[in-house]
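Colleague: Dropping in target.txt, which is compact mmCIF, C-alpha atoms and all ligand atoms:
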# COMPACT_ATOMS: atom_id res chain seq x y z
CA MET A 1 135.39 163.49 184.75
CA ILE A 2 132.58 165.95 183.99
CA ASP A 3 132.77 169.02 186.26
CA ILE A 4 129.17 170.27 186.26
CA LYS A 5 129.91 173.29 188.48
CA GLU A 6 132.62 174.53 186.11
CA LEU A 7 130.48 173.88 183.03
CA ASN A 8 127.52 175.76 184.48
CA LYS A 9 129.73 178.87 184.59
CA PHE A 10 129.58 178.86 180.74
CA LEU A 11 125.78 179.01 181.06
CA SER A 12 125.58 181.80 183.62
CA ASP A 13 124.35 184.32 181.02
CA SER A 14 121.60 182.01 179.77
CA SER A 15 118.48 180.44 181.22
CA LEU A 16 120.04 176.99 180.80
CA GLU A 17 121.60 174.71 183.39
CA LEU A 18 123.30 171.33 183.47
CA ILE A 19 121.79 169.00 186.08
CA LYS A 20 122.96 165.51 187.04
CA LYS A 21 119.91 163.25 187.06
CA GLU A 22 119.50 159.54 187.57
CA GLU A 23 118.84 159.08 183.82
CA GLY A 24 121.93 161.08 182.86
CA LEU A 25 123.34 164.58 182.51
CA ALA A 26 120.50 166.94 181.53
CA LEU A 27 120.61 170.37 179.94
CA GLU A 28 117.50 172.16 181.15
CA GLY A 29 115.84 175.52 180.71
CA SER A 30 112.91 177.34 179.07
CA GLY A 31 110.73 174.34 179.92
CA LEU A 32 112.94 172.03 177.82
CA SER A 33 115.24 169.20 178.82
CA LEU A 34 117.88 167.34 176.84
CA ILE A 35 119.78 164.19 177.76
CA ALA A 36 121.98 162.68 175.06
CA ASP A 37 121.12 159.01 174.89
CA PHE A 38 122.37 156.43 172.43
CA ALA A 39 119.76 153.85 173.52
CA ASP A 40 117.19 155.68 171.35
CA MET A 41 119.31 154.79 168.33
CA ALA A 42 119.24 151.01 168.93
CA PRO A 43 116.99 150.09 165.94
CA ARG A 44 119.28 151.95 163.52
CA LEU A 45 122.29 150.07 164.88
CA ARG A 46 121.10 146.60 163.84
CA GLN A 47 123.55 145.17 161.31
CA SER A 48 120.89 144.76 158.60
CA ASN A 49 119.82 148.41 159.03
CA LEU A 50 123.36 149.76 159.12
CA GLU A 51 124.00 148.54 155.59
CA ARG A 52 121.16 150.83 154.45
CA GLU A 53 122.48 153.92 156.24
CA VAL A 54 123.53 156.42 153.60
CA ILE A 55 126.31 157.77 155.82
CA VAL A 56 127.86 154.28 155.99
CA LYS A 57 127.71 153.96 152.18
CA ALA A 58 129.25 157.42 151.84
CA ALA A 59 132.08 156.72 154.30
CA ARG A 60 133.17 153.20 153.37
CA ILE A 61 136.34 152.86 151.32
CA LYS A 62 135.86 149.71 149.25
CA SER A 63 139.55 148.99 148.70
CA LYS A 64 140.51 148.99 152.37
CA PRO A 65 139.72 146.45 155.11
CA MET A 66 138.00 147.57 158.32
CA PRO A 67 138.57 149.18 160.73
CA GLN A 68 138.82 152.37 158.72
CA THR A 69 139.28 155.59 160.67
CA VAL A 70 136.89 158.54 160.65
CA LEU A 71 137.58 161.97 162.06
CA ASP A 72 134.23 163.56 162.90
CA ALA A 73 135.13 167.26 162.99
CA THR A 74 131.69 168.43 164.17
CA ALA A 75 130.51 165.77 166.62
CA GLY A 76 127.39 167.39 168.13
CA LEU A 77 125.62 164.67 170.10
CA GLY A 78 127.54 161.97 168.25
CA GLU A 79 124.69 160.30 166.37
CA ASP A 80 126.52 160.07 163.04
CA SER A 81 129.66 158.83 164.78
CA LEU A 82 127.67 156.20 166.64
CA ILE A 83 126.28 154.83 163.37
CA LEU A 84 129.75 154.75 161.83
CA ALA A 85 131.24 153.06 164.91
CA ALA A 86 128.45 150.47 164.87
CA ALA A 87 129.33 149.78 161.23
CA GLY A 88 132.91 149.04 162.31
CA PHE A 89 134.69 152.38 161.82
CA GLN A 90 137.11 153.69 164.45
CA VAL A 91 135.83 157.22 165.08
CA HIS A 92 137.53 160.20 166.68
CA MET A 93 135.17 163.10 167.41
CA TYR A 94 135.84 166.78 168.00
CA GLU A 95 133.28 169.08 169.59
CA TYR A 96 134.23 172.64 170.51
CA ASP A 97 131.20 173.50 172.65
CA SER A 98 132.02 172.30 176.18
CA ILE A 99 128.36 171.81 177.13
CA ILE A 100 127.57 169.69 174.07
CA ALA A 101 130.82 167.77 174.59
CA ALA A 102 129.81 167.04 178.21
CA LEU A 103 126.37 165.75 177.15
CA LEU A 104 128.06 163.53 174.56
CA GLU A 105 130.67 162.27 177.02
CA ASP A 106 127.91 161.41 179.48
CA ALA A 107 126.03 159.46 176.77
CA MET A 108 129.24 157.57 175.96
CA ILE A 109 129.87 156.69 179.63
CA ARG A 110 126.32 155.34 180.03
CA ALA A 111 126.53 153.46 176.72
CA GLY A 112 129.78 151.90 177.94
CA GLN A 113 127.78 150.21 180.70
CA ASP A 114 125.27 148.74 178.25
CA GLU A 115 126.05 145.27 176.96
CA SER A 116 125.08 145.91 173.35
CA LEU A 117 126.40 149.49 173.07
CA ALA A 118 129.70 148.98 174.93
CA PRO A 119 131.59 147.39 172.00
CA VAL A 120 130.39 150.22 169.74
CA VAL A 121 131.44 153.12 172.01
CA LYS A 122 134.81 151.38 172.46
CA ARG A 123 135.47 152.44 168.87
CA MET A 124 134.63 156.09 169.67
CA SER A 125 136.74 158.78 171.31
CA LEU A 126 136.07 162.46 171.94
CA THR A 127 138.11 165.63 172.21
CA ASN A 128 136.50 168.84 173.51
CA GLY A 129 138.24 171.26 171.17
CA ASP A 130 138.33 173.00 167.81
CA SER A 131 138.75 170.51 164.98
CA ILE A 132 140.17 173.14 162.62
CA MET A 133 143.22 173.55 164.86
CA ALA A 134 143.38 169.82 165.52
CA MET A 135 143.25 168.84 161.83
CA LYS A 136 146.24 171.08 161.13
CA ASN A 137 148.30 169.23 163.75
CA LEU A 138 147.31 165.56 163.45
CA ASP A 139 149.93 162.89 164.07
CA TYR A 140 148.00 160.36 161.98
CA VAL A 141 146.10 160.34 158.69
CA PRO A 142 142.39 159.50 159.01
CA ASP A 143 140.78 157.56 156.17
CA VAL A 144 137.68 159.76 156.18
CA VAL A 145 136.78 163.20 157.56
CA LEU A 146 133.12 163.93 158.30
CA LEU A 147 131.85 167.51 158.37
CA ASP A 148 128.37 168.46 159.56
CA PRO A 149 128.54 172.12 160.56
CA MET A 150 125.42 174.12 161.29
CA PHE A 151 122.79 174.10 158.64
CA PRO A 152 123.05 177.32 156.62
CA LYS A 153 119.57 178.49 157.53
CA ARG A 154 118.09 177.81 160.92
CA GLN A 155 114.65 176.28 160.78
CA LYS A 156 111.72 177.87 162.56
CA THR A 157 111.40 176.59 166.13
CA GLY A 158 108.10 174.85 165.44
CA LYS A 159 109.63 172.73 162.70
CA ILE A 160 112.47 171.18 164.65
CA LYS A 161 112.42 168.39 167.21
CA LYS A 162 111.91 169.63 170.78
CA LYS A 163 115.21 168.21 171.98
CA PHE A 164 117.08 170.24 169.37
CA GLN A 165 115.34 173.52 170.26
CA ILE A 166 117.43 173.68 173.42
CA LEU A 167 120.61 173.07 171.42
CA GLN A 168 119.83 176.00 169.17
CA GLN A 169 120.18 178.22 172.23
CA LEU A 170 123.75 176.98 172.63
CA GLU A 171 125.22 176.33 169.26
CA ARG A 172 127.66 178.81 167.90
CA PRO A 173 126.92 179.00 164.18
CA CYS A 174 129.90 177.75 162.19
CA GLY A 175 131.19 181.02 160.71
CA ASN A 176 134.34 179.57 159.18
CA GLU A 177 133.13 176.87 156.85
CA ALA A 178 135.92 177.53 154.34
CA ASP A 179 138.57 177.02 157.06
CA LEU A 180 136.86 173.85 158.24
CA LEU A 181 136.84 172.41 154.71
CA GLU A 182 140.41 173.48 153.99
CA ALA A 183 141.65 171.86 157.21
CA ALA A 184 139.74 168.64 156.37
CA LEU A 185 141.19 168.54 152.83
CA GLY A 186 144.67 169.04 154.31
CA THR A 187 144.57 165.98 156.59
CA GLY A 188 145.53 163.56 153.81
CA ALA A 189 142.23 161.65 154.20
CA LYS A 190 141.00 159.73 151.19
CA LYS A 191 137.48 161.11 151.50
CA VAL A 192 135.81 164.16 152.99
CA ILE A 193 132.10 163.69 153.57
CA ILE A 194 129.89 166.72 154.08
CA LYS A 195 126.39 166.37 155.49
CA ARG A 196 124.03 168.97 154.08
CA PRO A 197 120.30 169.69 154.05
CA GLN A 198 118.97 168.08 150.88
CA LYS A 199 118.61 171.34 148.99
CA GLY A 200 121.37 173.22 150.81
CA PRO A 201 124.31 174.82 149.03
CA TYR A 202 127.70 173.11 148.82
CA LEU A 203 129.92 173.78 151.82
CA ALA A 204 132.20 176.73 151.03
CA ASP A 205 130.98 176.48 147.38
CA ARG A 206 133.17 173.39 146.78
CA LYS A 207 131.51 171.07 144.26
CA PRO A 208 131.86 167.46 145.50
CA ASP A 209 132.82 164.49 143.30
CA TYR A 210 129.39 163.00 143.95
CA SER A 211 126.44 163.21 146.33
CA LEU A 212 124.28 160.55 147.99
CA ASP A 213 120.75 161.42 149.02
CA GLY A 214 119.20 160.42 152.35
CA LYS A 215 115.67 161.27 153.52
CA ALA A 216 116.08 165.00 154.19
CA ILE A 217 119.86 164.96 154.03
CA ARG A 218 122.47 164.93 151.30
CA TYR A 219 126.00 163.62 151.69
CA ASP A 220 128.50 165.39 149.46
CA VAL A 221 131.62 163.29 148.95
CA ILE A 222 135.00 164.70 147.95
CA ILE A 223 137.53 162.05 146.89
CA LEU A 224 141.21 162.90 147.35
C1 LIG A 301 124.96 169.89 163.24
S1 LIG A 301 125.91 169.53 164.70
C2 LIG A 301 126.55 167.93 164.32
C3 LIG A 301 125.57 166.82 164.58
C4 LIG A 301 126.23 165.47 164.50
N1 LIG A 301 126.62 165.16 163.14
C5 LIG A 301 125.35 164.38 165.06
O1 LIG A 301 125.13 163.37 164.38
O2 LIG A 301 124.91 164.49 166.23
C6 LIG A 301 127.37 170.50 164.51
C7 LIG A 301 128.27 170.50 165.74
O3 LIG A 301 129.59 170.87 165.33
C8 LIG A 301 130.18 171.67 166.32
N2 LIG A 301 131.26 172.39 165.64
C9 LIG A 301 131.15 173.30 164.63
N3 LIG A 301 132.38 173.71 164.23
C10 LIG A 301 133.30 173.01 164.98
C11 LIG A 301 134.72 173.00 165.05
N4 LIG A 301 135.47 173.78 164.27
N5 LIG A 301 135.33 172.16 165.93
C12 LIG A 301 134.58 171.36 166.75
N6 LIG A 301 133.21 171.37 166.75
C13 LIG A 301 132.58 172.17 165.88
C14 LIG A 301 129.01 172.52 166.86
O4 LIG A 301 129.24 172.99 168.18
C15 LIG A 301 127.85 171.52 166.80
O5 LIG A 301 127.70 170.83 168.04
Could you write out this structure as structure tokens?
Ligand SMILES: C[S@@+](CC[C@H](N)C(=O)[O-])C[C@H]1O[C@@H](n2cnc3c(N)ncnc32)[C@H](O)[C@@H]1O
Modeller:
Amino acid sequence: MIDIKELNKFLSDSSLELIKKEEGLALEGSGLSLIADFADMAPRLRQSNLEREVIVKAARIKSKPMPQTVLDATAGLGEDSLILAAAGFQVHMYEYDSIIAALLEDAMIRAGQDESLAPVVKRMSLTNGDSIMAMKNLDYVPDVVLLDPMFPKRQKTGKIKKKFQILQQLERPCGNEADLLEAALGTGAKKVIIKRPQKGPYLADRKPDYSLDGKAIRYDVIIL
């Protein structure tokens, strides 16, 4: 149950506000509005397109039948997790920002009422909490851990999509990348996948076993 009144207390020092609208939970302010919505992703979720998604190629473990499990330690608005869940992975997401977690939860609830998205979101679950702590205390071993912390350098406002400009006002930059990576490596997962800007540095200077290139993104893969 999303408690908007409680969540808006986190925003009292900002010009942002969460508002329940007919279309979904909206984060609004500075003339911008953001509703997390998985319906926009529908074309990417077609089976033929999923096979081409670099994140799916990076995550899949060839020697193991599906469903394989993914721990998404930096869920954001859940787009990567949605793609992985559509490709058949069982995904558990962690998001430490309560506002972002609420937007994601709202998107999941609405998707659960949609005939084509419902079976996909059934394979997704979300915890509003710090994944570093969680990964140190797991009672299961995920097959894959996905890390997509903040990009090292923030882009200029004009260069990023409008809907993400509002998120920039919220997101706490990930200041403990080394701890995040160490916790991921300690889970016992077979693979840790790290999403980076194409020319970005390795996370915490750890050279991966190999990298796969997407359009503007690179996936660094560490095999364990
Ligand atoms: C770049 S976004 C991830 C975008 C996501 N991959 C997607 O497809 O929508 C990074 C997110 O990770 C969250 N985050 C960073 N460190 C975290 C941690 N230790 N535990 C949980 N969430 C974290 C941030 O709040 C932010 O929402």
Colleague: Can you pull out every residue with an atom within 8 Å of ligand LIG 301 (chain A)? Use all atoms listed in the file and format it as a CSV table (one decimal) with C-alpha atoms, in the coordinates of the input.
Modeller:
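This is the output file result-v6.csv:
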chain,number,residue,atom,x,y,z
A,72,ASP,CA,134.2,163.6,162.9
A,73,ALA,CA,135.1,167.3,163.0
A,74,THR,CA,131.7,168.4,164.2
A,75,ALA,CA,130.5,165.8,166.6
A,76,GLY,CA,127.4,167.4,168.1
A,77,LEU,CA,125.6,164.7,170.1
A,78,GLY,CA,127.5,162.0,168.2
A,79,GLU,CA,124.7,160.3,166.4
A,80,ASP,CA,126.5,160.1,163.0
A,81,SER,CA,129.7,158.8,164.8
A,82,LEU,CA,127.7,156.2,166.6
A,94,TYR,CA,135.8,166.8,168.0
A,95,GLU,CA,133.3,169.1,169.6
A,96,TYR,CA,134.2,172.6,170.5
A,97,ASP,CA,131.2,173.5,172.6
A,100,ILE,CA,127.6,169.7,174.1
A,101,ALA,CA,130.8,167.8,174.6
A,128,ASN,CA,136.5,168.8,173.5
A,129,GLY,CA,138.2,171.3,171.2
A,130,ASP,CA,138.3,173.0,167.8
A,131,SER,CA,138.8,170.5,165.0
A,132,ILE,CA,140.2,173.1,162.6
A,133,MET,CA,143.2,173.6,164.9
A,147,LEU,CA,131.8,167.5,158.4
A,148,ASP,CA,128.4,168.5,159.6
A,149,PRO,CA,128.5,172.1,160.6
A,150,MET,CA,125.4,174.1,161.3
A,151,PHE,CA,122.8,174.1,158.6
A,171,GLU,CA,125.2,176.3,169.3
A,172,ARG,CA,127.7,178.8,167.9
A,173,PRO,CA,126.9,179.0,164.2
A,174,CYS,CA,129.9,177.8,162.2
A,176,ASN,CA,134.3,179.6,159.2
A,180,LEU,CA,136.9,173.8,158.2
A,195,LYS,CA,126.4,166.4,155.5
Colleague: Return as lines of an AutoDock Vina configuration file the box centre and box size in Å, one decimal, for an axis-aligned box around all listed atoms of region 40-58 of chain A padded by 8 Å per side.
Modeller:
center_x = 123.1
center_y = 151.3
center_z = 161.6
size_x = 28.3
size_y = 29.0
size_z = 35.5
Colleague: Find, counting all atoms listed in the file, the residue in A:Leu103, A:Met93, A:Ala58, A:Ser211 that gets nearest to Ile19 (chain A).
Modeller: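 Selected residue with least distance to Ile19 (chain A): A:Leu103.
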Colleague: Quick one, how far is CA of Lys64 (chain A) from CA of Phe89 (chain A)?
Modeller: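 For CA of Lys64 (chain A) relative to CA of Phe89 (chain A), the distance reads 11.6 Å.
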Colleague: May I ask which of the residues A:Leu170, A:Ala102, A:Val91, A:Ile109 is the closest one to Asp143 (chain A), counting all atoms listed in the file?
Modeller: A:Val91
